[in-house]
>>> print(open('coords09.cif').read())   # mmCIF, C-alpha atoms
data_start
loop_
_atom_site.group_PDB
_atom_site.id
_atom_site.type_symbol
_atom_site.label_atom_id
_atom_site.label_comp_id
_atom_site.auth_asym_id
_atom_site.auth_seq_id
_atom_site.Cartn_x
_atom_site.Cartn_y
_atom_site.Cartn_z
ATOM 1 C CA MET A 1 11.072 -39.181 -1.723
ATOM 2 C CA ILE A 2 8.666 -37.263 -3.938
ATOM 3 C CA SER A 3 7.746 -38.947 -7.210
ATOM 4 C CA ASP A 4 8.926 -37.310 -10.434
ATOM 5 C CA VAL A 5 5.383 -37.548 -11.859
ATOM 6 C CA SER A 6 4.303 -34.611 -9.688
ATOM 7 C CA VAL A 7 5.038 -30.906 -9.871
ATOM 8 C CA ASP A 8 5.788 -31.171 -6.142
ATOM 9 C CA ARG A 9 9.131 -32.730 -7.075
ATOM 10 C CA PHE A 10 10.258 -29.629 -8.976
ATOM 11 C CA TYR A 11 10.468 -25.913 -8.851
ATOM 12 C CA TYR A 12 10.947 -23.684 -11.842
ATOM 13 C CA ILE A 13 13.186 -20.705 -12.507
ATOM 14 C CA PHE A 14 12.947 -18.738 -15.714
ATOM 15 C CA ASP A 15 16.376 -18.337 -17.319
ATOM 16 C CA SER A 16 16.228 -15.117 -19.328
ATOM 17 C CA ARG A 17 19.485 -15.889 -21.150
ATOM 18 C CA GLU A 18 18.175 -19.200 -22.477
ATOM 19 C CA GLN A 19 14.566 -17.983 -22.598
ATOM 20 C CA ARG A 20 13.215 -21.111 -20.942
ATOM 21 C CA ALA A 21 12.077 -22.463 -17.608
ATOM 22 C CA LEU A 22 14.800 -24.357 -15.795
ATOM 23 C CA VAL A 23 13.493 -27.409 -13.970
ATOM 24 C CA VAL A 24 15.107 -27.757 -10.556
ATOM 25 C CA ASP A 25 14.850 -30.884 -8.412
ATOM 26 C CA ARG A 26 13.573 -29.925 -4.951
ATOM 27 C CA THR A 27 15.482 -32.774 -3.315
ATOM 28 C CA THR A 28 18.899 -31.735 -4.628
ATOM 29 C CA GLY A 29 18.449 -28.038 -5.388
ATOM 30 C CA GLU A 30 20.115 -28.656 -8.761
ATOM 31 C CA GLU A 31 18.763 -28.450 -12.285
ATOM 32 C CA VAL A 32 17.326 -31.831 -13.270
ATOM 33 C CA THR A 33 19.923 -34.033 -14.945
ATOM 34 C CA TRP A 34 17.801 -35.111 -17.892
ATOM 35 C CA SER A 35 20.498 -37.236 -19.516
ATOM 36 C CA THR A 36 20.050 -39.941 -16.873
ATOM 37 C CA MET A 37 16.395 -40.555 -17.744
ATOM 38 C CA PRO A 38 15.673 -43.314 -20.285
ATOM 39 C CA ARG A 39 12.971 -41.409 -22.177
ATOM 40 C CA VAL A 40 15.326 -38.467 -22.555
ATOM 41 C CA GLN A 41 17.963 -40.805 -23.936
ATOM 42 C CA LEU A 42 15.348 -41.890 -26.491
ATOM 43 C CA ILE A 43 14.671 -38.247 -27.431
ATOM 44 C CA ASP A 44 18.408 -37.785 -27.877
ATOM 45 C CA TYR A 45 18.668 -40.923 -30.028
ATOM 46 C CA VAL A 46 15.789 -39.834 -32.246
ATOM 47 C CA GLY A 47 17.535 -36.470 -32.652
ATOM 48 C CA GLU A 48 20.751 -38.182 -33.690
ATOM 49 C CA GLN A 49 18.887 -40.233 -36.276
ATOM 50 C CA ARG A 50 16.682 -37.478 -37.597
ATOM 51 C CA ALA A 51 16.857 -34.046 -35.942
ATOM 52 C CA ALA A 52 13.717 -32.761 -37.708
ATOM 53 C CA ARG A 53 11.689 -35.386 -35.830
ATOM 54 C CA LEU A 54 12.343 -33.540 -32.580
ATOM 55 C CA ARG A 55 10.448 -30.490 -33.867
ATOM 56 C CA HIS A 56 7.565 -32.745 -34.889
ATOM 57 C CA PHE A 57 7.611 -34.313 -31.431
ATOM 58 C CA ALA A 58 7.545 -30.928 -29.670
ATOM 59 C CA ARG A 59 4.544 -29.865 -31.780
ATOM 60 C CA TRP A 60 2.857 -33.195 -31.077
ATOM 61 C CA CYS A 61 3.315 -32.538 -27.336
ATOM 62 C CA ALA A 62 1.703 -29.113 -27.775
ATOM 63 C CA ARG A 63 -1.294 -30.640 -29.555
ATOM 64 C CA GLN A 64 -1.755 -33.007 -26.588
ATOM 65 C CA VAL A 65 -2.397 -30.028 -24.298
ATOM 66 C CA ASP A 66 -5.372 -28.793 -26.345
ATOM 67 C CA VAL A 67 -3.421 -25.911 -27.833
ATOM 68 C CA GLY A 68 -5.814 -25.818 -30.782
ATOM 69 C CA LEU A 69 -8.619 -24.752 -28.440
ATOM 70 C CA ALA A 70 -6.763 -21.663 -27.184
ATOM 71 C CA PRO A 71 -8.165 -18.312 -28.335
ATOM 72 C CA GLU A 72 -6.068 -16.879 -31.167
ATOM 73 C CA ASP A 73 -5.522 -13.608 -29.287
ATOM 74 C CA SER A 74 -4.205 -15.340 -26.138
ATOM 75 C CA LYS A 75 -0.470 -15.803 -25.545
ATOM 76 C CA VAL A 76 -0.902 -19.532 -26.163
ATOM 77 C CA GLY A 77 -2.773 -18.854 -29.404
ATOM 78 C CA MET A 78 -0.208 -16.336 -30.624
ATOM 79 C CA LEU A 79 2.707 -18.668 -29.828
ATOM 80 C CA TRP A 80 0.962 -21.600 -31.505
ATOM 81 C CA SER A 81 0.381 -19.484 -34.593
ATOM 82 C CA ALA A 82 4.094 -18.646 -34.643
ATOM 83 C CA VAL A 83 5.023 -22.324 -34.214
ATOM 84 C CA GLN A 84 2.930 -23.190 -37.260
ATOM 85 C CA SER A 85 4.326 -20.260 -39.279
ATOM 86 C CA GLY A 86 7.929 -21.388 -39.049
ATOM 87 C CA GLU A 87 11.171 -20.418 -37.397
ATOM 88 C CA ASP A 88 11.212 -16.839 -38.690
ATOM 89 C CA ALA A 89 8.212 -15.994 -36.476
ATOM 90 C CA TRP A 90 9.537 -17.661 -33.330
ATOM 91 C CA ALA A 91 11.917 -15.010 -32.006
ATOM 92 C CA GLU A 92 9.312 -12.248 -32.071
ATOM 93 C CA ALA A 93 6.652 -14.500 -30.547
ATOM 94 C CA ARG A 94 9.044 -15.561 -27.774
ATOM 95 C CA THR A 95 9.797 -11.922 -26.983
ATOM 96 C CA ASP A 96 6.119 -10.962 -26.993
ATOM 97 C CA ALA A 97 5.245 -13.815 -24.630
ATOM 98 C CA SER A 98 8.247 -13.491 -22.316
ATOM 99 C CA GLN A 99 6.478 -11.802 -19.374
ATOM 100 C CA ALA A 100 3.606 -14.300 -19.485
ATOM 101 C CA VAL A 101 6.088 -17.185 -19.662
ATOM 102 C CA VAL A 102 8.027 -15.875 -16.650
ATOM 103 C CA ARG A 103 4.780 -15.644 -14.641
ATOM 104 C CA ALA A 104 3.711 -19.105 -15.812
ATOM 105 C CA ALA A 105 6.988 -20.678 -14.674
ATOM 106 C CA ALA A 106 7.304 -18.824 -11.377
ATOM 107 C CA LEU A 107 3.684 -18.616 -10.282
ATOM 108 C CA GLY A 108 1.454 -20.780 -12.451
ATOM 109 C CA LEU A 109 3.204 -24.135 -12.271
ATOM 110 C CA PRO A 110 3.555 -24.175 -8.467
ATOM 111 C CA GLN A 111 -0.181 -23.465 -8.238
ATOM 112 C CA GLY A 112 -1.079 -26.275 -10.635
ATOM 113 C CA ASP A 113 -2.351 -23.879 -13.307
ATOM 114 C CA GLN A 114 -3.113 -25.820 -16.498
ATOM 115 C CA TYR A 115 -2.900 -22.620 -18.600
ATOM 116 C CA ALA A 116 0.682 -22.092 -17.349
ATOM 117 C CA ALA A 117 1.634 -25.631 -18.368
ATOM 118 C CA GLN A 118 -0.075 -25.188 -21.734
ATOM 119 C CA LEU A 119 1.738 -21.899 -22.365
ATOM 120 C CA LEU A 120 5.110 -23.375 -21.413
ATOM 121 C CA THR A 121 4.528 -26.423 -23.628
ATOM 122 C CA VAL A 122 3.877 -24.234 -26.657
ATOM 123 C CA HIS A 123 6.701 -21.865 -25.720
ATOM 124 C CA ALA A 124 9.083 -24.845 -25.641
ATOM 125 C CA CYS A 125 8.289 -25.536 -29.318
ATOM 126 C CA THR A 126 9.933 -22.232 -30.257
ATOM 127 C CA HIS A 127 13.288 -22.951 -28.623
ATOM 128 C CA PRO A 128 16.114 -22.682 -31.194
ATOM 129 C CA ASP A 129 17.604 -26.048 -30.158
ATOM 130 C CA PRO A 130 15.367 -28.940 -31.342
ATOM 131 C CA PHE A 131 16.500 -31.231 -28.499
ATOM 132 C CA ARG A 132 15.687 -28.608 -25.880
ATOM 133 C CA ALA A 133 12.344 -27.903 -27.588
ATOM 134 C CA ALA A 134 11.416 -31.592 -27.488
ATOM 135 C CA LEU A 135 12.588 -32.130 -23.915
ATOM 136 C CA ASP A 136 10.858 -29.063 -22.477
ATOM 137 C CA ALA A 137 7.640 -29.652 -24.443
ATOM 138 C CA ALA A 138 7.510 -33.235 -23.148
ATOM 139 C CA HIS A 139 8.048 -32.160 -19.534
ATOM 140 C CA MET A 140 5.504 -29.345 -19.682
ATOM 141 C CA SER A 141 2.923 -31.564 -21.385
ATOM 142 C CA GLU A 142 3.281 -33.887 -18.382
ATOM 143 C CA ARG A 143 2.527 -30.976 -16.077
ATOM 144 C CA TRP A 144 -0.584 -30.101 -18.095
ATOM 145 C CA VAL A 145 -1.796 -33.705 -17.846
ATOM 146 C CA GLU A 146 -1.104 -33.685 -14.120
ATOM 147 C CA PHE A 147 -3.085 -30.480 -13.612
ATOM 148 C CA THR A 148 -6.073 -31.633 -15.675
ATOM 149 C CA ALA A 149 -6.292 -35.298 -14.617
ATOM 150 C CA GLY A 150 -7.836 -34.882 -11.188
ATOM 151 C CA PRO A 151 -7.305 -37.619 -8.592
ATOM 152 C CA ASN A 152 -5.556 -39.979 -11.038
ATOM 153 C CA ALA A 153 -2.826 -37.467 -11.903
ATOM 154 C CA ALA A 154 0.169 -39.751 -11.308
ATOM 155 C CA GLN A 155 -1.317 -42.483 -13.484
ATOM 156 C CA ALA A 156 -2.182 -39.934 -16.189
ATOM 157 C CA VAL A 157 1.396 -38.602 -16.219
ATOM 158 C CA ARG A 158 2.788 -42.130 -16.539
ATOM 159 C CA HIS A 159 0.370 -42.745 -19.400
ATOM 160 C CA MET A 160 1.542 -39.528 -21.115
ATOM 161 C CA ARG A 161 5.167 -40.636 -20.716
ATOM 162 C CA GLN A 162 4.300 -43.922 -22.371
ATOM 163 C CA ARG A 163 2.627 -42.014 -25.204
ATOM 164 C CA HIS A 164 5.836 -39.957 -25.579
ATOM 165 C CA VAL A 165 7.902 -43.140 -25.835
ATOM 166 C CA ASP A 166 5.418 -44.696 -28.269
ATOM 167 C CA TRP A 167 5.511 -41.616 -30.520
ATOM 168 C CA LEU A 168 9.302 -41.555 -30.537
ATOM 169 C CA LEU A 169 9.582 -45.282 -31.273
ATOM 170 C CA ASP A 170 6.957 -45.008 -34.009
ATOM 171 C CA SER A 171 8.918 -42.170 -35.594
ATOM 172 C CA LEU A 172 12.029 -44.369 -35.703
ATOM 173 C CA ARG A 173 10.009 -47.183 -37.251
ATOM 174 C CA GLU A 174 8.573 -44.810 -39.849
ATOM 175 C CA ASP A 175 12.064 -43.638 -40.761
ATOM 176 C CA ARG A 176 13.288 -47.209 -41.115
ATOM 177 C CA GLY A 177 10.274 -48.098 -43.255
ATOM 178 C CA THR A 178 10.866 -45.112 -45.537
ATOM 179 C CA GLU A 179 14.581 -45.864 -45.677
ATOM 180 C CA GLY A 180 13.882 -49.497 -46.596
ATOM 181 C CA LYS A 181 11.503 -48.459 -49.363
ATOM 182 C CA ARG A 182 14.109 -46.082 -50.789
ATOM 183 C CA ARG A 183 16.765 -48.785 -50.753
ATOM 184 C CA ALA A 184 14.444 -51.269 -52.434
ATOM 185 C CA GLY A 185 13.569 -48.677 -55.082
ATOM 186 C CA ASP A 186 17.239 -47.848 -55.679
ATOM 187 C CA GLU A 187 18.190 -51.443 -56.427
#
>>> encode(input="coords09.cif", output="structure tokens")
Amino acid sequence: MISDVSVDRFYYIFDSREQRALVVDRTTGEEVTWSTMPRVQLIDYVGEQRAARLRHFARWCARQVDVGLAPEDSKVGMLWSAVQSGEDAWAEARTDASQAVVRAAALGLPQGDQYAAQLLTVHACTHPDPFRAALDAAHMSERWVEFTAGPNAAQAVRHMRQRHVDWLLDSLREDRGTEGKRRAGDE
């Protein structure tokens, strides 16, 4: 069985209706059932507690793939600018980047292209559904780490997953700390 820390486990199909790359498990031929994975359950729980945190998480994932180093006139740079501008800019940016995103999903990821993974990570941040944005950004940031890590790719992906979990748990702790301070101040 192929490990799920490698792009070899998956293939990608761009869904033009949903404007995102579908992740398909090569062993089953079906779209990956994310709900069965513990870290995805944590993303879902964070979303239930505080939906806005999922947008922060997606942007954090994008920053992990060196998005700030992308030229402003590149597709990555233009999408990142839109992400930082707010939701009103997302639809146009998604449309403008759609051909590049299709190529990245269909051709770039299977070839281990770090630019493709970077583009898809940033593109995920613009998805209208915060859960989907967080989930796709996390997955694509793992691909970027895999493509840039060299011979220790599997270990690097596991480390990135742990960083995802740490960020999500820290965000829950921060919320509880803020909530506790509010309660103490209200009394």
>>> closest_residue(input="coords09.cif", among="A:Ala156, A:Ala138, A:Val40, A:Val165", to="Cys125 in chain A", atoms="all atoms listed in the file")
A:Ala138
>>> residues_around(input="coords09.cif", residues="Arg9 in chain A", least_positions_apart="2", cutoff="12 Å", atoms="all atoms listed in the file", output="number ranges by chain")
A: 1-7, 11-12, 23-32, 109-110, 143
>>> resolve_selection(input="coords09.cif", expression="the PyMOL selection byres ((chain A and resi 79) around 9)", output="list in words")
Ser74, Lys75, Val76, Gly77, Met78, Trp80, Ser81, Ala82, Val83, Gln84, Trp90, Ala93, Arg94, Asp96, Ala97, Leu119, Val122, His123, Cys125 and Thr126 of chain A
>>> atom_distance(input="coords09.cif", atom1="CA of Phe57 in chain A", atom2="CA of Ala134 in chain A")
6.1 Å
>>> closest_residue(input="coords09.cif", among="A:Trp60, A:Phe10, A:Tyr45, A:Trp34", to="His164 in chain A", atoms="all atoms listed in the file")
A:Trp60
>>> atom_distance(input="coords09.cif", atom1="CA of Leu135 in chain A", atom2="CA of Gly150 in chain A")
24.2 Å
>>> atom_distance(input="coords09.cif", atom1="CA of Pro128 in chain A", atom2="CA of Asp44 in chain A")
15.6 Å
>>> closest_residue(input="coords09.cif", among="A:Val67, A:Pro151, A:Met160, A:Trp167", to="Ala116 in chain A", atoms="all atoms listed in the file")
A:Val67
>>> closest_residue(input="coords09.cif", among="A:Ala106, A:Leu54, A:Gln19, A:Arg132", to="Ala91 in chain A", atoms="only C-alpha atoms")
A:Gln19
>>> axis_aligned_box(input="coords09.cif", around="range 35-42 of chain A", padding_each_side="6 Å", output="AutoDock Vina command-line options")
--center_x 16.7 --center_y -40.3 --center_z -21.7 --size_x 19.5 --size_y 18.1 --size_z 21.6
>>> build_atoms(input="coords09.cif", residues="range 118-154 of chain A", atoms="N, CA and C atoms", output="PDB file, in the coordinates of the input")
ATOM      1  N   GLN A 118       0.225 -25.247 -20.299  1.00  0.00           N
ATOM      2  CA  GLN A 118      -0.075 -25.188 -21.734  1.00  0.00           C
ATOM      3  C   GLN A 118       0.813 -24.140 -22.414  1.00  0.00           C
ATOM      4  N   LEU A 119       0.903 -22.964 -21.818  1.00  0.00           N
ATOM      5  CA  LEU A 119       1.738 -21.899 -22.365  1.00  0.00           C
ATOM      6  C   LEU A 119       3.199 -22.332 -22.452  1.00  0.00           C
ATOM      7  N   LEU A 120       3.708 -22.953 -21.416  1.00  0.00           N
ATOM      8  CA  LEU A 120       5.110 -23.375 -21.413  1.00  0.00           C
ATOM      9  C   LEU A 120       5.372 -24.521 -22.391  1.00  0.00           C
ATOM     10  N   THR A 121       4.380 -25.365 -22.627  1.00  0.00           N
ATOM     11  CA  THR A 121       4.528 -26.423 -23.628  1.00  0.00           C
ATOM     12  C   THR A 121       4.688 -25.812 -25.012  1.00  0.00           C
ATOM     13  N   VAL A 122       3.814 -24.872 -25.339  1.00  0.00           N
ATOM     14  CA  VAL A 122       3.877 -24.234 -26.657  1.00  0.00           C
ATOM     15  C   VAL A 122       5.140 -23.383 -26.776  1.00  0.00           C
ATOM     16  N   HIS A 123       5.492 -22.682 -25.726  1.00  0.00           N
ATOM     17  CA  HIS A 123       6.701 -21.865 -25.720  1.00  0.00           C
ATOM     18  C   HIS A 123       7.930 -22.729 -25.994  1.00  0.00           C
ATOM     19  N   ALA A 124       7.954 -23.931 -25.430  1.00  0.00           N
ATOM     20  CA  ALA A 124       9.083 -24.845 -25.641  1.00  0.00           C
ATOM     21  C   ALA A 124       9.278 -25.145 -27.123  1.00  0.00           C
ATOM     22  N   CYS A 125       8.197 -25.216 -27.882  1.00  0.00           N
ATOM     23  CA  CYS A 125       8.289 -25.536 -29.318  1.00  0.00           C
ATOM     24  C   CYS A 125       9.099 -24.505 -30.094  1.00  0.00           C
ATOM     25  N   THR A 126       9.223 -23.302 -29.550  1.00  0.00           N
ATOM     26  CA  THR A 126       9.933 -22.232 -30.257  1.00  0.00           C
ATOM     27  C   THR A 126      11.406 -22.129 -29.874  1.00  0.00           C
ATOM     28  N   HIS A 127      11.874 -23.020 -29.027  1.00  0.00           N
ATOM     29  CA  HIS A 127      13.288 -22.951 -28.623  1.00  0.00           C
ATOM     30  C   HIS A 127      14.167 -23.234 -29.844  1.00  0.00           C
ATOM     31  N   PRO A 128      15.248 -22.487 -30.027  1.00  0.00           N
ATOM     32  CA  PRO A 128      16.114 -22.682 -31.194  1.00  0.00           C
ATOM     33  C   PRO A 128      16.758 -24.069 -31.296  1.00  0.00           C
ATOM     34  N   ASP A 129      16.986 -24.722 -30.163  1.00  0.00           N
ATOM     35  CA  ASP A 129      17.604 -26.048 -30.158  1.00  0.00           C
ATOM     36  C   ASP A 129      16.501 -27.116 -30.191  1.00  0.00           C
ATOM     37  N   PRO A 130      16.435 -27.936 -31.237  1.00  0.00           N
ATOM     38  CA  PRO A 130      15.367 -28.940 -31.342  1.00  0.00           C
ATOM     39  C   PRO A 130      15.320 -29.923 -30.162  1.00  0.00           C
ATOM     40  N   PHE A 131      16.477 -30.321 -29.649  1.00  0.00           N
ATOM     41  CA  PHE A 131      16.500 -31.231 -28.499  1.00  0.00           C
ATOM     42  C   PHE A 131      15.857 -30.575 -27.293  1.00  0.00           C
ATOM     43  N   ARG A 132      16.240 -29.333 -27.018  1.00  0.00           N
ATOM     44  CA  ARG A 132      15.687 -28.608 -25.880  1.00  0.00           C
ATOM     45  C   ARG A 132      14.183 -28.393 -26.069  1.00  0.00           C
ATOM     46  N   ALA A 133      13.767 -28.086 -27.296  1.00  0.00           N
ATOM     47  CA  ALA A 133      12.344 -27.903 -27.588  1.00  0.00           C
ATOM     48  C   ALA A 133      11.568 -29.181 -27.266  1.00  0.00           C
ATOM     49  N   ALA A 134      12.086 -30.310 -27.713  1.00  0.00           N
ATOM     50  CA  ALA A 134      11.416 -31.592 -27.488  1.00  0.00           C
ATOM     51  C   ALA A 134      11.378 -31.948 -26.007  1.00  0.00           C
ATOM     52  N   LEU A 135      12.491 -31.788 -25.333  1.00  0.00           N
ATOM     53  CA  LEU A 135      12.588 -32.130 -23.915  1.00  0.00           C
ATOM     54  C   LEU A 135      11.652 -31.277 -23.075  1.00  0.00           C
ATOM     55  N   ASP A 136      11.692 -29.957 -23.274  1.00  0.00           N
ATOM     56  CA  ASP A 136      10.858 -29.063 -22.477  1.00  0.00           C
ATOM     57  C   ASP A 136       9.377 -29.233 -22.802  1.00  0.00           C
ATOM     58  N   ALA A 137       9.044 -29.442 -24.069  1.00  0.00           N
ATOM     59  CA  ALA A 137       7.640 -29.652 -24.443  1.00  0.00           C
ATOM     60  C   ALA A 137       7.115 -30.939 -23.799  1.00  0.00           C
ATOM     61  N   ALA A 138       7.930 -31.982 -23.775  1.00  0.00           N
ATOM     62  CA  ALA A 138       7.510 -33.235 -23.148  1.00  0.00           C
ATOM     63  C   ALA A 138       7.267 -33.029 -21.654  1.00  0.00           C
ATOM     64  N   HIS A 139       8.196 -32.374 -20.973  1.00  0.00           N
ATOM     65  CA  HIS A 139       8.048 -32.160 -19.534  1.00  0.00           C
ATOM     66  C   HIS A 139       6.816 -31.312 -19.226  1.00  0.00           C
ATOM     67  N   MET A 140       6.633 -30.230 -19.967  1.00  0.00           N
ATOM     68  CA  MET A 140       5.504 -29.345 -19.682  1.00  0.00           C
ATOM     69  C   MET A 140       4.170 -29.990 -20.050  1.00  0.00           C
ATOM     70  N   SER A 141       4.170 -30.861 -21.064  1.00  0.00           N
ATOM     71  CA  SER A 141       2.923 -31.564 -21.385  1.00  0.00           C
ATOM     72  C   SER A 141       2.557 -32.515 -20.235  1.00  0.00           C
ATOM     73  N   GLU A 142       3.546 -33.062 -19.569  1.00  0.00           N
ATOM     74  CA  GLU A 142       3.281 -33.887 -18.382  1.00  0.00           C
ATOM     75  C   GLU A 142       2.645 -33.060 -17.277  1.00  0.00           C
ATOM     76  N   ARG A 143       3.121 -31.831 -17.105  1.00  0.00           N
ATOM     77  CA  ARG A 143       2.527 -30.976 -16.077  1.00  0.00           C
ATOM     78  C   ARG A 143       1.072 -30.664 -16.424  1.00  0.00           C
ATOM     79  N   TRP A 144       0.790 -30.395 -17.688  1.00  0.00           N
ATOM     80  CA  TRP A 144      -0.584 -30.101 -18.095  1.00  0.00           C
ATOM     81  C   TRP A 144      -1.485 -31.299 -17.782  1.00  0.00           C
ATOM     82  N   VAL A 145      -1.019 -32.502 -18.126  1.00  0.00           N
ATOM     83  CA  VAL A 145      -1.796 -33.705 -17.846  1.00  0.00           C
ATOM     84  C   VAL A 145      -2.020 -33.836 -16.345  1.00  0.00           C
ATOM     85  N   GLU A 146      -0.982 -33.600 -15.577  1.00  0.00           N
ATOM     86  CA  GLU A 146      -1.104 -33.685 -14.120  1.00  0.00           C
ATOM     87  C   GLU A 146      -2.170 -32.725 -13.602  1.00  0.00           C
ATOM     88  N   PHE A 147      -2.175 -31.499 -14.113  1.00  0.00           N
ATOM     89  CA  PHE A 147      -3.085 -30.480 -13.612  1.00  0.00           C
ATOM     90  C   PHE A 147      -4.525 -30.686 -14.068  1.00  0.00           C
ATOM     91  N   THR A 148      -4.724 -31.436 -15.144  1.00  0.00           N
ATOM     92  CA  THR A 148      -6.073 -31.633 -15.675  1.00  0.00           C
ATOM     93  C   THR A 148      -6.653 -33.010 -15.353  1.00  0.00           C
ATOM     94  N   ALA A 149      -5.867 -33.908 -14.790  1.00  0.00           N
ATOM     95  CA  ALA A 149      -6.292 -35.298 -14.617  1.00  0.00           C
ATOM     96  C   ALA A 149      -7.094 -35.557 -13.351  1.00  0.00           C
ATOM     97  N   GLY A 150      -7.100 -34.646 -12.421  1.00  0.00           N
ATOM     98  CA  GLY A 150      -7.836 -34.882 -11.188  1.00  0.00           C
ATOM     99  C   GLY A 150      -7.129 -35.860 -10.272  1.00  0.00           C
ATOM    100  N   PRO A 151      -7.906 -36.741  -9.603  1.00  0.00           N
ATOM    101  CA  PRO A 151      -7.305 -37.619  -8.592  1.00  0.00           C
ATOM    102  C   PRO A 151      -6.368 -38.694  -9.153  1.00  0.00           C
ATOM    103  N   ASN A 152      -6.433 -38.973 -10.437  1.00  0.00           N
ATOM    104  CA  ASN A 152      -5.556 -39.979 -11.038  1.00  0.00           C
ATOM    105  C   ASN A 152      -4.375 -39.339 -11.753  1.00  0.00           C
ATOM    106  N   ALA A 153      -3.875 -38.236 -11.229  1.00  0.00           N
ATOM    107  CA  ALA A 153      -2.826 -37.467 -11.903  1.00  0.00           C
ATOM    108  C   ALA A 153      -1.552 -38.271 -12.136  1.00  0.00           C
ATOM    109  N   ALA A 154      -1.082 -38.994 -11.153  1.00  0.00           N
ATOM    110  CA  ALA A 154       0.169 -39.751 -11.308  1.00  0.00           C
ATOM    111  C   ALA A 154       0.033 -40.794 -12.416  1.00  0.00           C
TER     112      ALA A 154
END
